[in-house]
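Asker: Structure: structure.cif, mmCIF, C-alpha atoms and all ligand atoms.
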```cif
data_model
loop_
_atom_site.label_atom_id
_atom_site.label_comp_id
_atom_site.auth_asym_id
_atom_site.auth_seq_id
_atom_site.Cartn_x
_atom_site.Cartn_y
_atom_site.Cartn_z
CA MET J 10 -32.83 28.93 85.72
CA SER J 11 -31.24 25.95 84.01
CA LEU J 12 -28.14 24.50 85.59
CA ILE J 13 -26.75 23.86 82.14
CA ALA J 14 -25.20 26.52 79.92
CA ALA J 15 -27.06 27.45 76.78
CA ARG J 16 -24.04 26.54 74.64
CA MET J 17 -24.60 22.88 75.48
CA GLN J 18 -27.96 22.83 73.72
CA GLY J 19 -26.41 22.60 70.29
CA ILE J 20 -24.23 19.65 71.24
CA ASP J 21 -25.82 16.37 70.45
CA ALA J 22 -23.85 13.20 71.03
CA SER J 23 -26.80 10.88 70.54
CA GLY J 24 -26.00 9.51 67.07
CA ILE J 25 -22.73 7.80 67.79
CA ARG J 26 -23.61 7.02 71.40
CA LYS J 27 -26.65 5.07 70.20
CA VAL J 28 -24.34 2.83 68.18
CA PHE J 29 -22.04 2.29 71.18
CA ASP J 30 -25.00 1.47 73.44
CA LEU J 31 -26.34 -1.01 70.91
CA GLY J 32 -22.89 -2.55 70.56
CA ALA J 33 -22.66 -3.12 74.28
CA GLN J 34 -25.86 -5.17 74.16
CA LEU J 35 -24.79 -7.51 71.36
CA LYS J 36 -22.97 -10.76 71.97
CA ASP J 37 -19.89 -11.24 69.80
CA PRO J 38 -20.97 -8.55 67.34
CA ILE J 39 -19.41 -7.93 63.95
CA ASN J 40 -18.37 -4.53 65.14
CA LEU J 41 -17.49 -2.30 62.21
CA SER J 42 -18.18 0.93 64.06
CA ILE J 43 -14.88 1.39 65.86
CA GLY J 44 -12.75 4.45 65.13
CA GLN J 45 -9.45 3.18 66.45
CA PRO J 46 -6.86 0.65 65.25
CA ASP J 47 -7.18 -2.93 66.43
CA PHE J 48 -3.42 -3.26 67.03
CA ASP J 49 -1.86 -2.52 70.39
CA VAL J 50 1.04 -0.21 71.14
CA SER J 51 4.29 -2.01 70.25
CA ASP J 52 6.38 -3.56 73.02
CA GLU J 53 9.21 -1.20 72.19
CA LEU J 54 7.03 1.85 72.82
CA LYS J 55 5.48 0.31 75.93
CA ASP J 56 8.96 -0.32 77.31
CA ILE J 57 9.94 3.29 76.75
CA ALA J 58 6.79 4.50 78.53
CA VAL J 59 7.21 2.09 81.46
CA THR J 60 10.87 2.98 81.83
CA ALA J 61 9.92 6.66 81.83
CA ILE J 62 7.31 6.11 84.55
CA ARG J 63 9.83 4.19 86.67
CA ALA J 64 12.42 6.90 86.12
CA GLY J 65 10.06 9.50 87.52
CA TYR J 66 8.72 11.15 84.38
CA ASN J 67 5.41 11.62 86.16
CA LYS J 68 5.43 15.35 86.70
CA TYR J 69 4.08 18.16 84.54
CA THR J 70 6.04 18.62 81.38
CA PRO J 71 6.59 22.10 79.91
CA THR J 72 3.26 23.40 78.53
CA GLN J 73 4.49 23.17 74.94
CA GLY J 74 5.68 19.59 75.43
CA LEU J 75 9.09 18.02 75.93
CA PRO J 76 11.74 19.79 73.81
CA GLU J 77 12.92 16.46 72.36
CA LEU J 78 9.36 15.63 71.30
CA ASN J 79 8.90 18.99 69.61
CA ALA J 80 12.18 18.35 67.82
CA ALA J 81 10.93 14.90 66.73
CA ILE J 82 7.70 16.48 65.44
CA MET J 83 9.64 19.06 63.42
CA GLU J 84 11.78 16.24 62.03
CA TYR J 85 8.64 14.23 61.17
CA LEU J 86 7.05 17.16 59.31
CA ALA J 87 10.22 17.99 57.42
CA ARG J 88 10.69 14.36 56.40
CA GLY J 89 7.08 13.77 55.36
CA SER J 90 6.14 17.08 53.76
CA GLY J 91 9.23 19.25 53.65
CA PHE J 92 7.21 21.44 56.03
CA LYS J 93 9.21 23.61 58.42
CA PRO J 94 6.65 25.35 60.62
CA GLU J 95 7.59 28.26 62.84
CA ALA J 96 6.38 26.52 65.98
CA SER J 97 4.79 23.37 67.38
CA LEU J 98 2.77 22.45 70.44
CA VAL J 99 2.25 18.98 71.92
CA CYS J 100 -1.43 18.54 72.74
CA SER J 101 -3.75 16.03 74.36
CA GLY J 102 -4.54 14.33 71.09
CA VAL J 103 -5.69 16.02 67.92
CA SER J 104 -8.96 16.66 69.78
CA GLY J 105 -7.10 18.81 72.28
CA ALA J 106 -5.35 20.64 69.45
CA LEU J 107 -8.62 21.30 67.64
CA PHE J 108 -10.23 22.66 70.77
CA LEU J 109 -7.36 25.04 71.53
CA LEU J 110 -7.11 26.13 67.92
CA MET J 111 -10.76 27.00 67.54
CA LEU J 112 -10.75 28.89 70.83
CA ALA J 113 -7.62 30.76 69.85
CA VAL J 114 -8.71 31.71 66.33
CA LEU J 115 -12.49 31.92 66.01
CA ASP J 116 -14.61 34.74 67.39
CA PRO J 117 -18.38 34.38 67.72
CA GLY J 118 -19.87 34.91 64.28
CA ASP J 119 -16.71 33.93 62.40
CA GLU J 120 -17.13 31.26 59.77
CA ILE J 121 -15.26 28.02 59.40
CA ILE J 122 -15.59 26.00 56.22
CA PHE J 123 -15.16 22.24 56.06
CA PRO J 124 -16.24 19.52 53.64
CA ASP J 125 -19.33 17.39 54.32
CA PRO J 126 -19.13 14.48 55.30
CA TYR J 127 -16.97 15.58 58.24
CA PHE J 128 -15.47 14.32 61.48
CA VAL J 129 -18.23 14.93 64.04
CA MET J 130 -16.10 16.94 66.41
CA TYR J 131 -15.58 19.81 63.93
CA LYS J 132 -19.16 20.95 63.89
CA HIS J 133 -19.62 20.79 67.64
CA LEU J 134 -16.39 22.56 68.51
CA ALA J 135 -17.20 25.32 66.03
CA HIS J 136 -20.60 25.79 67.65
CA LEU J 137 -19.08 25.71 71.11
CA VAL J 138 -16.94 28.77 70.32
CA GLY J 139 -19.90 30.50 68.70
CA ALA J 140 -18.58 30.21 65.15
CA ARG J 141 -20.71 29.35 62.16
CA ALA J 142 -19.90 25.96 60.63
CA VAL J 143 -20.21 26.20 56.86
CA MET J 144 -20.30 22.73 55.42
CA VAL J 145 -19.51 22.21 51.76
CA ASP J 146 -21.26 19.22 50.22
CA THR J 147 -18.87 16.78 48.50
CA TYR J 148 -21.29 14.07 47.40
CA PRO J 149 -21.17 11.74 45.54
CA ASP J 150 -17.40 11.30 45.08
CA PHE J 151 -16.39 13.16 48.29
CA GLN J 152 -13.67 15.06 46.47
CA LEU J 153 -13.07 18.69 47.30
CA ASP J 154 -14.35 21.04 44.65
CA PRO J 155 -12.36 24.28 45.06
CA GLY J 156 -15.15 26.12 43.21
CA LYS J 157 -17.65 25.10 45.88
CA ILE J 158 -15.32 26.27 48.62
CA GLU J 159 -14.87 29.57 46.84
CA ALA J 160 -18.63 29.94 46.60
CA ALA J 161 -18.92 29.40 50.36
CA LEU J 162 -16.41 32.14 51.25
CA THR J 163 -17.73 35.31 52.86
CA PRO J 164 -15.96 38.25 54.52
CA LYS J 165 -16.45 36.34 57.78
CA THR J 166 -14.59 33.21 56.65
CA LYS J 167 -11.60 32.78 58.90
CA MET J 168 -10.67 29.14 58.64
CA ILE J 169 -10.85 26.28 56.16
CA LEU J 170 -10.51 22.90 57.82
CA ILE J 171 -9.63 19.85 55.77
CA ASN J 172 -9.11 16.26 56.73
CA SER J 173 -7.22 14.12 54.25
CA PRO J 174 -7.39 11.12 54.41
CA SER J 175 -10.92 11.70 55.60
CA ASN J 176 -12.99 10.25 58.36
CA PRO J 177 -15.58 8.96 57.34
CA THR J 178 -14.94 8.62 53.58
CA GLY J 179 -11.25 7.70 53.34
CA VAL J 180 -10.90 10.21 50.51
CA ILE J 181 -7.52 11.81 49.84
CA TYR J 182 -7.13 15.19 48.17
CA SER J 183 -4.71 15.58 45.28
CA ARG J 184 -1.91 18.14 45.12
CA GLU J 185 -3.80 19.88 42.34
CA VAL J 186 -6.94 20.38 44.43
CA LEU J 187 -4.92 21.41 47.48
CA THR J 188 -3.03 23.96 45.41
CA ALA J 189 -6.30 25.47 44.22
CA VAL J 190 -7.56 25.70 47.82
CA ALA J 191 -4.23 27.19 48.92
CA ASP J 192 -4.34 29.86 46.19
CA MET J 193 -7.84 30.84 47.24
CA ALA J 194 -6.90 30.98 50.93
CA ARG J 195 -3.76 32.99 50.18
CA ARG J 196 -5.71 35.64 48.26
CA ARG J 197 -8.01 36.14 51.23
CA ASN J 198 -5.55 35.54 54.04
CA ILE J 199 -7.54 32.59 55.38
CA LEU J 200 -6.02 30.12 57.80
CA VAL J 201 -6.03 26.50 56.63
CA VAL J 202 -6.12 23.72 59.18
CA SER J 203 -5.07 20.30 57.99
CA ASP J 204 -6.12 17.38 60.17
CA GLU J 205 -3.65 14.70 59.06
CA ILE J 206 -4.34 12.10 61.72
CA TYR J 207 -4.72 9.37 59.06
CA ARG J 208 -1.76 10.35 56.89
CA GLU J 209 0.16 7.17 57.75
CA PHE J 210 -2.76 5.18 56.34
CA CYS J 211 -2.42 6.03 52.62
CA TYR J 212 -2.78 3.15 50.21
CA ASP J 213 -2.34 4.23 46.62
CA GLU J 214 -0.12 7.24 46.24
CA PRO J 215 2.30 9.36 48.22
CA TYR J 216 0.62 11.74 50.60
CA CYS J 217 0.44 15.45 49.85
CA SER J 218 -0.14 17.89 52.70
CA ILE J 219 -1.59 21.30 51.98
CA ALA J 220 1.29 22.61 54.11
CA GLU J 221 3.52 21.79 51.11
CA VAL J 222 1.73 24.40 49.01
CA TYR J 223 0.57 26.85 51.70
CA PRO J 224 3.27 26.66 54.35
CA GLU J 225 2.90 30.25 55.53
CA ASN J 226 -0.65 29.95 56.81
CA THR J 227 -1.40 26.29 57.51
CA VAL J 228 -1.70 24.65 60.90
CA VAL J 229 -1.02 20.93 60.64
CA LEU J 230 -2.64 18.69 63.24
CA ASN J 231 -1.57 15.12 63.74
CA GLY J 232 -1.03 12.60 66.49
CA LEU J 233 -0.34 9.03 67.43
CA SER J 234 -3.82 7.70 68.27
CA LYS J 235 -4.11 5.97 64.91
CA THR J 236 -0.52 5.70 63.67
CA SER J 237 0.80 3.97 66.80
CA GLY J 238 -2.43 2.54 68.19
CA MET J 239 -2.29 4.67 71.33
CA PRO J 240 -5.55 6.67 71.44
CA GLY J 241 -5.62 6.37 75.21
CA TRP J 242 -2.19 7.97 75.58
CA ARG J 243 -3.46 11.28 74.21
CA ILE J 244 -0.60 12.49 72.06
CA GLY J 245 -1.19 15.00 69.30
CA PHE J 246 0.34 18.18 68.03
CA ALA J 247 -0.34 21.43 66.24
CA ALA J 248 2.35 23.02 64.08
CA GLY J 249 2.20 26.26 62.13
CA PRO J 250 2.47 30.05 62.42
CA LYS J 251 4.19 31.13 65.63
CA GLN J 252 1.53 33.64 66.62
CA ILE J 253 -1.23 31.03 66.56
CA ILE J 254 0.78 28.33 68.31
CA GLU J 255 1.70 30.81 71.05
CA GLU J 256 -1.93 31.66 71.69
CA MET J 257 -2.80 27.96 71.80
CA THR J 258 0.05 27.35 74.24
CA LYS J 259 -1.28 30.11 76.49
CA LEU J 260 -4.67 28.43 76.52
CA GLN J 261 -3.19 24.99 77.11
CA GLN J 262 -1.59 26.38 80.26
CA TYR J 263 -5.07 27.05 81.67
CA THR J 264 -6.87 24.00 80.29
CA PHE J 265 -5.05 20.74 79.54
CA VAL J 266 -1.77 21.91 81.14
CA CYS J 267 0.26 19.32 79.22
CA ALA J 268 -0.04 16.03 77.39
CA PRO J 269 0.72 12.87 79.46
CA SER J 270 4.40 12.88 80.43
CA PHE J 271 5.35 9.20 79.94
CA ALA J 272 3.48 9.11 76.63
CA GLN J 273 5.50 12.09 75.41
CA LYS J 274 8.68 10.13 76.11
CA ALA J 275 7.49 7.20 73.98
CA ALA J 276 6.14 9.55 71.32
CA VAL J 277 9.64 10.69 70.41
CA ARG J 278 10.36 7.19 69.12
CA ALA J 279 6.84 6.63 67.77
CA PHE J 280 7.09 9.57 65.35
CA ALA J 281 10.31 8.07 64.01
CA LEU J 282 8.72 4.62 63.57
CA GLY J 283 5.51 5.67 61.81
CA ASN J 284 2.85 3.11 60.95
CA THR J 285 4.19 -0.44 61.21
CA HIS J 286 0.82 -2.00 60.26
CA HIS J 287 0.39 -0.43 56.87
CA ALA J 288 0.41 -3.64 54.77
CA GLU J 289 -2.29 -5.25 56.90
CA TYR J 290 -4.56 -2.24 56.57
CA LEU J 291 -4.02 -2.05 52.81
CA ALA J 292 -5.09 -5.71 52.51
CA ARG J 293 -8.23 -4.97 54.53
CA ARG J 294 -9.04 -1.93 52.41
CA ASN J 295 -8.88 -4.09 49.31
CA LEU J 296 -10.94 -6.84 50.91
CA ILE J 297 -13.82 -4.61 52.01
CA TYR J 298 -13.87 -2.48 48.88
CA ASN J 299 -13.93 -5.48 46.55
CA GLY J 300 -16.46 -7.28 48.75
CA LEU J 301 -18.87 -4.36 48.70
CA ARG J 302 -18.46 -3.83 44.97
CA GLU J 303 -19.14 -7.49 44.25
CA ALA J 304 -22.27 -7.31 46.39
CA GLY J 305 -23.45 -4.41 44.26
CA TYR J 306 -22.91 -1.44 46.57
CA LYS J 307 -22.23 2.02 45.27
CA VAL J 308 -19.01 2.95 46.98
CA MET J 309 -15.89 5.06 46.49
CA ARG J 310 -12.57 3.33 47.00
CA PRO J 311 -10.97 4.91 50.06
CA GLY J 312 -7.42 6.01 49.30
CA GLY J 313 -6.64 6.24 52.99
CA ALA J 314 -7.75 6.07 56.65
CA PHE J 315 -9.58 2.90 57.73
CA TYR J 316 -13.13 3.75 56.80
CA ILE J 317 -15.33 3.18 53.81
CA PHE J 318 -18.57 5.06 53.20
CA PRO J 319 -20.99 3.18 50.94
CA LYS J 320 -24.46 4.23 49.88
CA CYS J 321 -27.33 2.42 51.60
CA PRO J 322 -29.45 0.44 49.18
CA ILE J 323 -32.52 1.47 51.20
CA GLU J 324 -33.39 4.15 53.75
CA GLU J 325 -30.45 4.71 56.13
CA ASP J 326 -32.04 3.96 59.51
CA ARG J 327 -33.79 0.89 58.16
CA PHE J 328 -30.54 -0.37 56.66
CA VAL J 329 -28.57 0.13 59.89
CA GLU J 330 -31.32 -1.68 61.81
CA MET J 331 -31.28 -4.59 59.37
CA ALA J 332 -27.50 -4.89 59.76
CA LEU J 333 -27.94 -4.80 63.51
CA ALA J 334 -30.48 -7.59 63.34
CA LYS J 335 -27.66 -9.63 61.77
CA ASN J 336 -25.37 -8.74 64.67
CA CYS J 337 -23.41 -6.23 62.59
CA LEU J 338 -22.68 -2.73 63.86
CA ILE J 339 -22.13 0.15 61.48
CA VAL J 340 -22.49 3.90 61.92
CA PRO J 341 -25.30 5.74 60.09
CA GLY J 342 -23.86 8.23 57.62
CA SER J 343 -25.98 11.09 58.94
CA VAL J 344 -23.81 11.12 62.08
CA PHE J 345 -21.11 12.66 59.84
CA SER J 346 -23.23 14.66 57.47
CA GLU J 347 -26.12 16.98 56.82
CA ARG J 348 -27.25 14.37 54.29
CA ARG J 349 -28.65 10.91 54.77
CA GLY J 350 -28.41 7.64 52.89
CA TYR J 351 -24.89 6.33 53.57
CA PHE J 352 -23.14 4.29 56.26
CA ARG J 353 -19.63 4.11 57.65
CA ILE J 354 -17.70 0.88 57.98
CA SER J 355 -14.45 0.82 59.92
CA PHE J 356 -12.05 -1.81 58.60
CA ALA J 357 -9.76 -1.50 61.63
CA VAL J 358 -10.72 -5.07 62.53
CA HIS J 359 -9.32 -8.55 61.99
CA GLU J 360 -9.82 -9.92 58.48
CA ASP J 361 -12.08 -12.70 59.81
CA ILE J 362 -14.48 -10.12 61.22
CA LEU J 363 -14.33 -8.16 58.00
CA ARG J 364 -15.20 -11.30 56.01
CA ARG J 365 -18.19 -11.94 58.26
CA GLY J 366 -19.24 -8.33 57.69
CA ILE J 367 -18.98 -8.71 53.92
CA GLU J 368 -21.29 -11.74 54.11
CA VAL J 369 -23.84 -9.67 56.02
CA PHE J 370 -23.66 -6.87 53.44
CA ALA J 371 -24.06 -9.36 50.59
CA ASP J 372 -27.15 -10.82 52.33
CA LEU J 373 -28.55 -7.34 52.92
CA ALA J 374 -28.03 -6.44 49.26
CA ARG J 375 -30.01 -9.50 48.23
CA GLU J 376 -32.75 -8.91 50.80
CA THR J 377 -33.21 -5.29 49.83
CA GLY J 378 -33.55 -6.28 46.19
CA GLY J 379 -30.16 -5.06 45.09
CA GLN J 380 -31.53 -1.58 44.45
CA HIS J 381 -28.47 0.63 44.61
CA GLY J 382 -29.69 3.87 43.25
C1 LIG J 401 -10.43 13.08 61.69
C2 LIG J 401 -10.10 12.95 63.12
N1 LIG J 401 -9.49 13.97 63.74
C3 LIG J 401 -9.19 13.91 65.05
C4 LIG J 401 -9.49 12.79 65.81
C5 LIG J 401 -9.15 12.81 67.27
O1 LIG J 401 -8.11 12.01 67.57
P1 LIG J 401 -7.25 12.12 68.92
O2 LIG J 401 -7.87 13.17 69.75
O3 LIG J 401 -7.31 10.78 69.54
O4 LIG J 401 -5.87 12.48 68.48
C6 LIG J 401 -10.11 11.70 65.20
C7 LIG J 401 -10.48 10.51 65.98
O5 LIG J 401 -11.21 9.66 65.59
C8 LIG J 401 -10.43 11.78 63.82
O6 LIG J 401 -11.04 10.77 63.18
#
```
Write out the structure in this file as structure tokens.
Ligand SMILES: Cc1ncc(COP(=O)(O)O)c(C=O)c1O

Answerer:
Amino acid sequence: MSLIAARMQGIDASGIRKVFDLGAQLKDPINLSIGQPDFDVSDELKDIAVTAIRAGYNKYTPTQGLPELNAAIMEYLARGSGFKPEASLVCSGVSGALFLLMLAVLDPGDEIIFPDPYFVMYKHLAHLVGARAVMVDTYPDFQLDPGKIEAALTPKTKMILINSPSNPTGVIYSREVLTAVADMARRRNILVVSDEIYREFCYDEPYCSIAEVYPENTVVLNGLSKTSGMPGWRIGFAAGPKQIIEEMTKLQQYTFVCAPSFAQKAAVRAFALGNTHHAEYLARRNLIYNGLREAGYKVMRPGGAFYIFPKCPIEEDRFVEMALAKNCLIVPGSVFSERRGYFRISFAVHEDILRRGIEVFADLARETGGQHG
């Protein structure tokens, strides 16, 4: 008998791990594979956390999170989206929230729809709870086509999960598209989950959350890993219908217990501050997008997040290897997709590194004959 549970067989972490392993071997790489901001937590937030530790905030917090943090989250949602959810829960990052949510909502055999390309965790968590992940292809512009979502609905569809701005494409969904998805979900009483972890990284237009048009049955997930550069502090939240949040809270009691106590203290202020590095990231978005376009790449301009997802001029693996041979680390697109032929660049790096990366991509375009079909 195997020591390992059968459910683990479907979980494959090899794609992204391979990139990390390769990165560890390179000396001074042009590392464009990193999914976290390059800035550190601000001194103000560090001071709050340190003061909290010294003052003895080192015990368990209430399962649902500190009351003042839940109040700050409600304030944040009302300010940003006019969203006034029935309840909120502080989680160990958005990852923790996703895990609790899927366990609380999805039965084996239930279907969850999300757009492809997708954040890798979605597919694996869905499989872990025995649900069927139904991925809706969004190539080549990565926009959500409500018609395609409608076509993917079955009587077993229980959840539609969207991520705007998206990892890995940076795409943002318009109010019009979100309204169409909301109308469809409302007719069928489907829960919508909106992973808004990159909402503070929007470059061209004001952000629209689907919670603005489907407040009664949306769970918003967000956190501070990206916004405040504190992925190691594990602060996230889920906010939405009371019944769902209560079930998640029950599960949190027996799994994560609570999010880190000192980090919750600092998070109260962090949600009020928002993203203080926005201008820098906008400049980088422009730099990488223009650089890739000038080099001849087929690429969508990311409206948000800190990723860009160009098409490979040649076969994906070969292209990633060629970049690696030039000391440049990128993530193969198939890590995030059922399709191949693209790659993900993270521009959460210093401009100098980004410029070196652009040179590599320009060289690669020349070497591969500039064939960007
Ligand atoms: C789309 C998306 N959702 C959720 C997460 C998880 O973030 P955390 O668990 O640090 O809050 C990430 C991290 O990269 C992400 O890209």

Asker: Please find the residues contacting ligand LIG 401 (chain J) at a distance of at most 8 Å between atoms, with all atoms listed in the file counted, and report them as an NGL selection string.

Answerer: :J and (44-45 or 101-107 or 127-128 or 130 or 172 or 175-177 or 204-207 or 231-235 or 240-241 or 243-245)

Asker: Given the choices J:Ile362, J:Tyr66, J:Val138, J:Val340, which gets closest to J:Ile43 if the distance is worked out from all atoms listed in the file?

Answerer: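 Counting all atoms listed in the file, the residue closest to J:Ile43 is J:Val340.
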
Asker: Using all atoms listed in the file, find each residue in stretch 203-235 of chain J having at least one atom no more than 9 Å away from stretch 301-312 of chain J; report its shortest atom-to-atom pair and that distance in Å (one decimal), rows by chain then rising number, as a Markdown table.

Answerer:
```
| residue | atom | partner | partner_atom | distance |
| --- | --- | --- | --- | --- |
| J:Phe210 | CA | J:Gly312 | CA | 8.5 |
| J:Cys211 | CA | J:Gly312 | CA | 6.0 |
| J:Tyr212 | CA | J:Gly312 | CA | 5.5 |
| J:Asp213 | CA | J:Gly312 | CA | 6.0 |
| J:Glu214 | CA | J:Gly312 | CA | 8.0 |
```

Asker: Could the residues in this selection be saved with C-alpha atoms as a short mmCIF file (atom, residue, chain, number, x, y, z; two decimals), in the frame of the given file?

Answerer:
```
data_model
loop_
_atom_site.label_atom_id
_atom_site.label_comp_id
_atom_site.auth_asym_id
_atom_site.auth_seq_id
_atom_site.Cartn_x
_atom_site.Cartn_y
_atom_site.Cartn_z
CA PHE J 210 -2.76 5.18 56.34
CA CYS J 211 -2.42 6.03 52.62
CA TYR J 212 -2.78 3.15 50.21
CA ASP J 213 -2.34 4.23 46.62
CA GLU J 214 -0.12 7.24 46.24
#
```

Asker: Pick from J:Glu360, J:Arg293, J:Phe370, J:Leu137: nearest to J:Cys321, with only C-alpha atoms counted?

Answerer: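 Smallest separation from J:Cys321 among the options: J:Phe370.
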
Asker: Taking all atoms listed in the file into account, which of J:Leu31, J:Leu86, J:Cys100, J:Ala314 comes nearest J:Val180?

Answerer: J:Ala314

Asker: Within 12 Å of (-14.6, 10.5, 52.2), only C-alpha atoms: residues as JSON, numbers by chain?

Answerer: {"J": [124, 125, 126, 127, 128, 146, 147, 148, 149, 150, 151, 152, 153, 171, 172, 173, 174, 175, 176, 177, 178, 179, 180, 181, 182, 308, 309, 310, 311, 312, 313, 314, 315, 316, 317, 318, 319, 320, 342, 345, 346, 351, 352, 353, 354]}

Asker: Print the selection's residues with C-alpha atoms to a file, as a PDB file, in the frame of the given file.

Answerer:
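Saved as again-v2.pdb:
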```
ATOM      1  CA  PRO J 124     -16.240  19.520  53.640  1.00  0.00           C
ATOM      2  CA  ASP J 125     -19.330  17.390  54.320  1.00  0.00           C
ATOM      3  CA  PRO J 126     -19.130  14.480  55.300  1.00  0.00           C
ATOM      4  CA  TYR J 127     -16.970  15.580  58.240  1.00  0.00           C
ATOM      5  CA  PHE J 128     -15.470  14.320  61.480  1.00  0.00           C
ATOM      6  CA  ASP J 146     -21.260  19.220  50.220  1.00  0.00           C
ATOM      7  CA  THR J 147     -18.870  16.780  48.500  1.00  0.00           C
ATOM      8  CA  TYR J 148     -21.290  14.070  47.400  1.00  0.00           C
ATOM      9  CA  PRO J 149     -21.170  11.740  45.540  1.00  0.00           C
ATOM     10  CA  ASP J 150     -17.400  11.300  45.080  1.00  0.00           C
ATOM     11  CA  PHE J 151     -16.390  13.160  48.290  1.00  0.00           C
ATOM     12  CA  GLN J 152     -13.670  15.060  46.470  1.00  0.00           C
ATOM     13  CA  LEU J 153     -13.070  18.690  47.300  1.00  0.00           C
ATOM     14  CA  ILE J 171      -9.630  19.850  55.770  1.00  0.00           C
ATOM     15  CA  ASN J 172      -9.110  16.260  56.730  1.00  0.00           C
ATOM     16  CA  SER J 173      -7.220  14.120  54.250  1.00  0.00           C
ATOM     17  CA  PRO J 174      -7.390  11.120  54.410  1.00  0.00           C
ATOM     18  CA  SER J 175     -10.920  11.700  55.600  1.00  0.00           C
ATOM     19  CA  ASN J 176     -12.990  10.250  58.360  1.00  0.00           C
ATOM     20  CA  PRO J 177     -15.580   8.960  57.340  1.00  0.00           C
ATOM     21  CA  THR J 178     -14.940   8.620  53.580  1.00  0.00           C
ATOM     22  CA  GLY J 179     -11.250   7.700  53.340  1.00  0.00           C
ATOM     23  CA  VAL J 180     -10.900  10.210  50.510  1.00  0.00           C
ATOM     24  CA  ILE J 181      -7.520  11.810  49.840  1.00  0.00           C
ATOM     25  CA  TYR J 182      -7.130  15.190  48.170  1.00  0.00           C
ATOM     26  CA  VAL J 308     -19.010   2.950  46.980  1.00  0.00           C
ATOM     27  CA  MET J 309     -15.890   5.060  46.490  1.00  0.00           C
ATOM     28  CA  ARG J 310     -12.570   3.330  47.000  1.00  0.00           C
ATOM     29  CA  PRO J 311     -10.970   4.910  50.060  1.00  0.00           C
ATOM     30  CA  GLY J 312      -7.420   6.010  49.300  1.00  0.00           C
ATOM     31  CA  GLY J 313      -6.640   6.240  52.990  1.00  0.00           C
ATOM     32  CA  ALA J 314      -7.750   6.070  56.650  1.00  0.00           C
ATOM     33  CA  PHE J 315      -9.580   2.900  57.730  1.00  0.00           C
ATOM     34  CA  TYR J 316     -13.130   3.750  56.800  1.00  0.00           C
ATOM     35  CA  ILE J 317     -15.330   3.180  53.810  1.00  0.00           C
ATOM     36  CA  PHE J 318     -18.570   5.060  53.200  1.00  0.00           C
ATOM     37  CA  PRO J 319     -20.990   3.180  50.940  1.00  0.00           C
ATOM     38  CA  LYS J 320     -24.460   4.230  49.880  1.00  0.00           C
ATOM     39  CA  GLY J 342     -23.860   8.230  57.620  1.00  0.00           C
ATOM     40  CA  PHE J 345     -21.110  12.660  59.840  1.00  0.00           C
ATOM     41  CA  SER J 346     -23.230  14.660  57.470  1.00  0.00           C
ATOM     42  CA  TYR J 351     -24.890   6.330  53.570  1.00  0.00           C
ATOM     43  CA  PHE J 352     -23.140   4.290  56.260  1.00  0.00           C
ATOM     44  CA  ARG J 353     -19.630   4.110  57.650  1.00  0.00           C
ATOM     45  CA  ILE J 354     -17.700   0.880  57.980  1.00  0.00           C
TER      46      ILE J 354
END
```

Asker: So which residues touch J:Ser203 within 8 Å, counting all atoms listed in the file, skipping near sequence neighbours fewer than 3 positions away, as a PyMOL selection string?

Answerer: chain J and resi 170-173+218-220+227-230

Asker: As an exercise, work out the distance from atom CA of J:Ala64 to atom CA of J:Ala268 in Å and give it to one decimal place.

Answerer: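 Those two atoms sit 17.7 Å apart.
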
Asker: May I ask for the distance between atom CA of J:Pro215 and atom CA of J:Leu98, given in Å to one decimal place?

Answerer: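 Pair atom CA of J:Pro215 / atom CA of J:Leu98 returns 25.8 Å.
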
Asker: When distances are computed from all atoms listed in the file, which of J:His286, J:Asp52, J:Met168, J:Gly19 shows the smallest separation from J:Met111?

Answerer: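 Once distances to J:Met111 are computed over all atoms listed in the file, the minimum belongs to J:Met168.
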
Asker: Pick from J:Glu209, J:Asp56, J:Glu376, J:Glu77: nearest to J:Leu291, with all atoms listed in the file counted?

Answerer: J:Glu209

Asker: With C-alpha atoms retained, output stretch 86-99 of chain J as a short mmCIF file (atom, residue, chain, number, x, y, z; two decimals), in the first residue's frame.

Answerer:
```cif
data_model
loop_
_atom_site.label_atom_id
_atom_site.label_comp_id
_atom_site.auth_asym_id
_atom_site.auth_seq_id
_atom_site.Cartn_x
_atom_site.Cartn_y
_atom_site.Cartn_z
CA LEU J 86 -14.03 47.22 0.39
CA ALA J 87 -16.57 49.99 0.84
CA ARG J 88 -14.05 52.62 -0.23
CA GLY J 89 -12.74 50.71 -3.24
CA SER J 90 -15.88 49.07 -4.60
CA GLY J 91 -18.81 50.31 -2.57
CA PHE J 92 -19.05 46.64 -1.52
CA LYS J 93 -20.61 45.96 1.86
CA PRO J 94 -20.35 42.22 2.38
CA GLU J 95 -22.26 40.45 5.12
CA ALA J 96 -19.11 39.03 6.68
CA SER J 97 -15.33 38.81 6.42
CA LEU J 98 -12.64 36.42 7.56
CA VAL J 99 -8.92 37.12 7.95
#
```
